[in-house]
Protein chains: 2
Amino acid sequence: MSHHHTALLANLRDQGRRLTPQREIVLSVICASAGHISAEEILTRVRARYPYLNKSAVYRTLDLLAQLNLVNVTDFGEGRALYEMHRDPHHHHLICRKCRKITNTDASIFESIEKLLRAEYGFHADLDHFAIWGLCRKCARNRKT
Amino acid sequence: MSHHHTALLANLRDQGRRLTPQREIVLSVICASAGHISAEEILTRVRARYPYLNKSAVYRTLDLLAQLNLVNVTDFGEGRALYEMHRDPHHHHLICRKCRKITNTDASIFESIEKLLRAEYGFHADLDHFAIWGLCRKCARNRKT
DNA sequence: CTCCTAATTGCAACTAGTTGCAATTAGGAG
DNA sequence: CTCCTAATTGCAACTAGTTGCAATTAGGAG
Ligand SMILES: [Mn+2]
Ligand SMILES: [Mn+2]
Ligand SMILES: [Zn+2]
Ligand SMILES: [Zn+2]
């Protein structure tokens, strides 16, 4: 049993919830994927191992894993959610709303804001995977600025 | 013709796009709404004035307005997008992933990051309406922290 | 004012994801 | 190991939003 299954199990037990084979398979598929992966692709890979697993169970598991903060969910403007394991070091994505170019940054840029939100609002922000929209250098220049 | 219609017209003309009655109606419905409003509710209000306007036109207009940055689009975890005019002063929302409580903050918290992204990546971030997930004070305390 | 054409709409069919409920089962009690 | 029950799954029906394409039209040219 991997490290992530242990984390899942601990989280579930706290809430009187159960570790089912379906949940284990979904989690391990996400663990085995390098980057961002869609629900549809997760379902495909899950079914390679367990052909009759229902899509409702996959979607419900994805919601659960997101709520437990084991995976992050991000919309990169494709009109569907992409899932990724929470891994260190954290990173963020800058997305150009004009040309859709994506640039990565590291997590440190949000450190000061995390402290501010905690100090001022008592809010423990999940700032470990942001999609930040805007204009890239090239597109901002073309706006005759 | 309102200030917002003028802004829309200018944006459209630049790109060889057109100001249609459908687009005007959708924009004015969002302008007339105080806070966040769903696409479904926009469609309902649009049809109060123009009963046969097609939902595709509404969704396509919403995409367009978002791309032109005249409205912001945010998912507050309800599984659907909410739309709001870009208005000053800007604000952000802190959402607890456990109890779904929503707290507002003002826009100034992101000023330093906006400068950093511009200086370091040449990226002009749209940081005027963020939904930040995390744990509120109460829920963070209950996690036996 | 009329004509023209590329942009846009309306439509119908489709896709991704959600929901309510009966059947199944994880996991605790004995 | 067996029983029990609340949590979960599978299913089928549903909803929100998307897409391709023919019909319409905004807005520019003459
Ligand atoms: Mn990522
Ligand atoms: Mn808002
Ligand atoms: Zn760009
Ligand atoms: Zn909370």
# chains A, B, ... in the order shown; residues from 1 in each chain; ligands from 1
$ residues_around --residues "segment 114-128 of chain B" --least-positions-apart "2" --cutoff "6 Å" --atoms "only C-alpha atoms (C1' of nucleotides)" --output "JSON, numbers by chain"
{"A": [133, 134, 135, 136, 137], "B": [90, 111, 112]}
$ write_last_selection --atoms "N, CA and C atoms" --output "PDB file, in the first residue's frame"
ATOM      1  N   TRP A 133      -5.095  34.018 -14.913  1.00  0.00           N
ATOM      2  CA  TRP A 133      -5.367  34.519 -16.249  1.00  0.00           C
ATOM      3  C   TRP A 133      -4.838  35.932 -16.438  1.00  0.00           C
ATOM      4  N   GLY A 134      -4.531  36.280 -17.678  1.00  0.00           N
ATOM      5  CA  GLY A 134      -4.047  37.628 -17.972  1.00  0.00           C
ATOM      6  C   GLY A 134      -3.549  37.696 -19.403  1.00  0.00           C
ATOM      7  N   LEU A 135      -2.656  38.639 -19.649  1.00  0.00           N
ATOM      8  CA  LEU A 135      -2.077  38.767 -20.987  1.00  0.00           C
ATOM      9  C   LEU A 135      -0.582  38.530 -20.913  1.00  0.00           C
ATOM     10  N   CYS A 136      -0.075  37.680 -21.807  1.00  0.00           N
ATOM     11  CA  CYS A 136       1.355  37.420 -21.842  1.00  0.00           C
ATOM     12  C   CYS A 136       2.077  38.657 -22.384  1.00  0.00           C
ATOM     13  N   ARG A 137       3.373  38.672 -22.279  1.00  0.00           N
ATOM     14  CA  ARG A 137       4.174  39.814 -22.685  1.00  0.00           C
ATOM     15  C   ARG A 137       3.854  40.238 -24.119  1.00  0.00           C
TER      16      ARG A 137
ATOM     17  N   HIS B  90     -12.309  46.599  -6.913  1.00  0.00           N
ATOM     18  CA  HIS B  90     -12.268  45.146  -7.045  1.00  0.00           C
ATOM     19  C   HIS B  90     -12.297  44.448  -5.687  1.00  0.00           C
ATOM     20  N   GLU B 111      -1.731  43.278  -4.980  1.00  0.00           N
ATOM     21  CA  GLU B 111      -0.925  44.297  -5.667  1.00  0.00           C
ATOM     22  C   GLU B 111       0.539  43.889  -5.844  1.00  0.00           C
ATOM     23  N   SER B 112       1.120  43.355  -4.782  1.00  0.00           N
ATOM     24  CA  SER B 112       2.557  43.018  -4.858  1.00  0.00           C
ATOM     25  C   SER B 112       2.806  41.897  -5.870  1.00  0.00           C
TER      26      SER B 112
END
$ residues_near_ligand --ligand "ligand 1" --cutoff "7 Å" --atoms "only C-alpha atoms (C1' of nucleotides) and all ligand atoms" --output "MDAnalysis selection string"
chainID A and resid 35:36 84 91:93 129
$ write_last_selection --atoms "all heavy atoms" --output "PDB file, in the first residue's frame"
ATOM      1  N   GLY A  35       1.337  14.627 -15.231  1.00  0.00           N
ATOM      2  CA  GLY A  35       0.863  16.000 -15.121  1.00  0.00           C
ATOM      3  C   GLY A  35      -0.619  16.111 -14.855  1.00  0.00           C
ATOM      4  O   GLY A  35      -1.164  15.389 -14.038  1.00  0.00           O
ATOM      5  N   HIS A  36      -1.267  17.044 -15.569  1.00  0.00           N
ATOM      6  CA  HIS A  36      -2.700  17.252 -15.412  1.00  0.00           C
ATOM      7  C   HIS A  36      -3.448  16.239 -16.257  1.00  0.00           C
ATOM      8  O   HIS A  36      -3.073  15.973 -17.390  1.00  0.00           O
ATOM      9  CB  HIS A  36      -3.072  18.662 -15.859  1.00  0.00           C
ATOM     10  CG  HIS A  36      -2.260  19.722 -15.201  1.00  0.00           C
ATOM     11  ND1 HIS A  36      -1.412  20.554 -15.879  1.00  0.00           N
ATOM     12  CD2 HIS A  36      -2.155  20.084 -13.909  1.00  0.00           C
ATOM     13  CE1 HIS A  36      -0.831  21.372 -15.049  1.00  0.00           C
ATOM     14  NE2 HIS A  36      -1.254  21.118 -13.836  1.00  0.00           N
ATOM     15  N   GLU A  84      -4.647  16.701 -10.735  1.00  0.00           N
ATOM     16  CA  GLU A  84      -3.214  16.463 -10.545  1.00  0.00           C
ATOM     17  C   GLU A  84      -2.987  16.167  -9.068  1.00  0.00           C
ATOM     18  O   GLU A  84      -3.619  16.784  -8.218  1.00  0.00           O
ATOM     19  CB  GLU A  84      -2.450  17.740 -10.973  1.00  0.00           C
ATOM     20  CG  GLU A  84      -0.950  17.656 -10.887  1.00  0.00           C
ATOM     21  CD  GLU A  84      -0.282  18.971 -11.328  1.00  0.00           C
ATOM     22  OE1 GLU A  84      -0.803  20.053 -10.986  1.00  0.00           O
ATOM     23  OE2 GLU A  84       0.753  18.912 -11.990  1.00  0.00           O
ATOM     24  N   HIS A  91       3.579  24.626  -7.703  1.00  0.00           N
ATOM     25  CA  HIS A  91       3.800  25.501  -8.847  1.00  0.00           C
ATOM     26  C   HIS A  91       2.470  26.141  -9.245  1.00  0.00           C
ATOM     27  O   HIS A  91       1.404  25.691  -8.810  1.00  0.00           O
ATOM     28  CB  HIS A  91       4.365  24.697 -10.030  1.00  0.00           C
ATOM     29  CG  HIS A  91       3.417  23.641 -10.502  1.00  0.00           C
ATOM     30  ND1 HIS A  91       3.305  22.415  -9.885  1.00  0.00           N
ATOM     31  CD2 HIS A  91       2.502  23.624 -11.503  1.00  0.00           C
ATOM     32  CE1 HIS A  91       2.394  21.698 -10.494  1.00  0.00           C
ATOM     33  NE2 HIS A  91       1.856  22.412 -11.485  1.00  0.00           N
ATOM     34  N   HIS A  92       2.538  27.176 -10.058  1.00  0.00           N
ATOM     35  CA  HIS A  92       1.337  27.832 -10.577  1.00  0.00           C
ATOM     36  C   HIS A  92       1.455  27.979 -12.081  1.00  0.00           C
ATOM     37  O   HIS A  92       2.530  27.779 -12.646  1.00  0.00           O
ATOM     38  CB  HIS A  92       1.157  29.215  -9.928  1.00  0.00           C
ATOM     39  CG  HIS A  92       1.164  29.168  -8.447  1.00  0.00           C
ATOM     40  ND1 HIS A  92       0.117  28.675  -7.712  1.00  0.00           N
ATOM     41  CD2 HIS A  92       2.113  29.519  -7.540  1.00  0.00           C
ATOM     42  CE1 HIS A  92       0.406  28.737  -6.429  1.00  0.00           C
ATOM     43  NE2 HIS A  92       1.613  29.237  -6.298  1.00  0.00           N
ATOM     44  N   HIS A  93       0.314  28.312 -12.706  1.00  0.00           N
ATOM     45  CA  HIS A  93       0.308  28.468 -14.158  1.00  0.00           C
ATOM     46  C   HIS A  93      -0.240  29.835 -14.535  1.00  0.00           C
ATOM     47  O   HIS A  93      -1.286  30.244 -14.037  1.00  0.00           O
ATOM     48  CB  HIS A  93      -0.540  27.368 -14.804  1.00  0.00           C
ATOM     49  CG  HIS A  93      -0.081  25.985 -14.445  1.00  0.00           C
ATOM     50  ND1 HIS A  93       0.957  25.379 -15.102  1.00  0.00           N
ATOM     51  CD2 HIS A  93      -0.483  25.112 -13.499  1.00  0.00           C
ATOM     52  CE1 HIS A  93       1.156  24.171 -14.575  1.00  0.00           C
ATOM     53  NE2 HIS A  93       0.289  23.991 -13.592  1.00  0.00           N
ATOM     54  N   HIS A 129      -1.813  25.594  -6.089  1.00  0.00           N
ATOM     55  CA  HIS A 129      -1.931  25.336  -7.531  1.00  0.00           C
ATOM     56  C   HIS A 129      -2.945  26.277  -8.147  1.00  0.00           C
ATOM     57  O   HIS A 129      -4.126  25.964  -8.241  1.00  0.00           O
ATOM     58  CB  HIS A 129      -2.326  23.874  -7.800  1.00  0.00           C
ATOM     59  CG  HIS A 129      -2.153  23.480  -9.218  1.00  0.00           C
ATOM     60  ND1 HIS A 129      -3.179  23.504 -10.119  1.00  0.00           N
ATOM     61  CD2 HIS A 129      -1.055  23.088  -9.903  1.00  0.00           C
ATOM     62  CE1 HIS A 129      -2.716  23.112 -11.293  1.00  0.00           C
ATOM     63  NE2 HIS A 129      -1.442  22.854 -11.197  1.00  0.00           N
TER      64      HIS A 129
END
$ interface_residues --of "chain A" --to "chain C" --cutoff "10 Å" --atoms "only C-alpha atoms (C1' of nucleotides)" --output "list in words"
Gly16, Arg17, Arg18, Leu19, Thr20, Ala39, Glu40, Lys55, Ser56, Tyr59, Arg60, Gly79 and Arg80 of chain A
$ residues_near_ligand --ligand "ligand 4" --cutoff "7 Å" --atoms "only C-alpha atoms (C1' of nucleotides) and all ligand atoms" --output "short mmCIF file (atom, residue, chain, number, x, y, z; two decimals) with N, CA, C and O atoms, in the first residue's frame"
data_model
loop_
_atom_site.label_atom_id
_atom_site.label_comp_id
_atom_site.auth_asym_id
_atom_site.auth_seq_id
_atom_site.Cartn_x
_atom_site.Cartn_y
_atom_site.Cartn_z
N CYS B 96 -14.34 28.55 2.10
CA CYS B 96 -13.92 27.40 2.92
C CYS B 96 -14.33 26.11 2.23
O CYS B 96 -15.50 25.91 1.92
N ARG B 97 -13.35 25.23 2.00
CA ARG B 97 -13.66 23.99 1.28
C ARG B 97 -14.38 22.99 2.18
O ARG B 97 -14.87 21.97 1.70
N LYS B 98 -14.44 23.27 3.47
CA LYS B 98 -15.13 22.36 4.40
C LYS B 98 -16.58 22.80 4.60
O LYS B 98 -17.49 22.03 4.36
N CYS B 99 -16.78 24.07 4.99
CA CYS B 99 -18.14 24.52 5.33
C CYS B 99 -18.73 25.47 4.29
O CYS B 99 -19.87 25.91 4.43
N ARG B 100 -17.96 25.78 3.24
CA ARG B 100 -18.43 26.61 2.13
C ARG B 100 -18.72 28.07 2.52
O ARG B 100 -19.35 28.79 1.75
N LYS B 101 -18.28 28.49 3.70
CA LYS B 101 -18.45 29.89 4.09
C LYS B 101 -17.63 30.78 3.15
O LYS B 101 -16.51 30.45 2.79
N LEU B 135 -9.30 26.80 4.22
CA LEU B 135 -10.09 26.49 5.41
C LEU B 135 -10.30 27.76 6.21
O LEU B 135 -9.34 28.49 6.48
N CYS B 136 -11.55 28.01 6.59
CA CYS B 136 -11.84 29.19 7.42
C CYS B 136 -11.27 28.95 8.83
O CYS B 136 -10.89 27.84 9.18
N ARG B 137 -11.26 30.02 9.61
CA ARG B 137 -10.68 29.97 10.95
C ARG B 137 -11.26 28.80 11.76
O ARG B 137 -10.53 28.01 12.32
N LYS B 138 -12.58 28.70 11.76
CA LYS B 138 -13.26 27.70 12.57
C LYS B 138 -12.90 26.28 12.13
O LYS B 138 -12.54 25.43 12.94
N CYS B 139 -12.97 26.03 10.80
CA CYS B 139 -12.70 24.68 10.30
C CYS B 139 -11.23 24.30 10.45
O CYS B 139 -10.91 23.13 10.69
#
$ residues_near_ligand --ligand "ligand 2" --cutoff "12 Å" --atoms "only C-alpha atoms (C1' of nucleotides) and all ligand atoms" --output "JSON, numbers by chain"
{"B": [33, 34, 35, 36, 37, 71, 72, 73, 74, 75, 76, 81, 82, 83, 84, 85, 86, 87, 88, 89, 90, 91, 92, 93, 94, 95, 102, 103, 104, 105, 106, 107, 127, 128, 129, 130, 131, 132]}
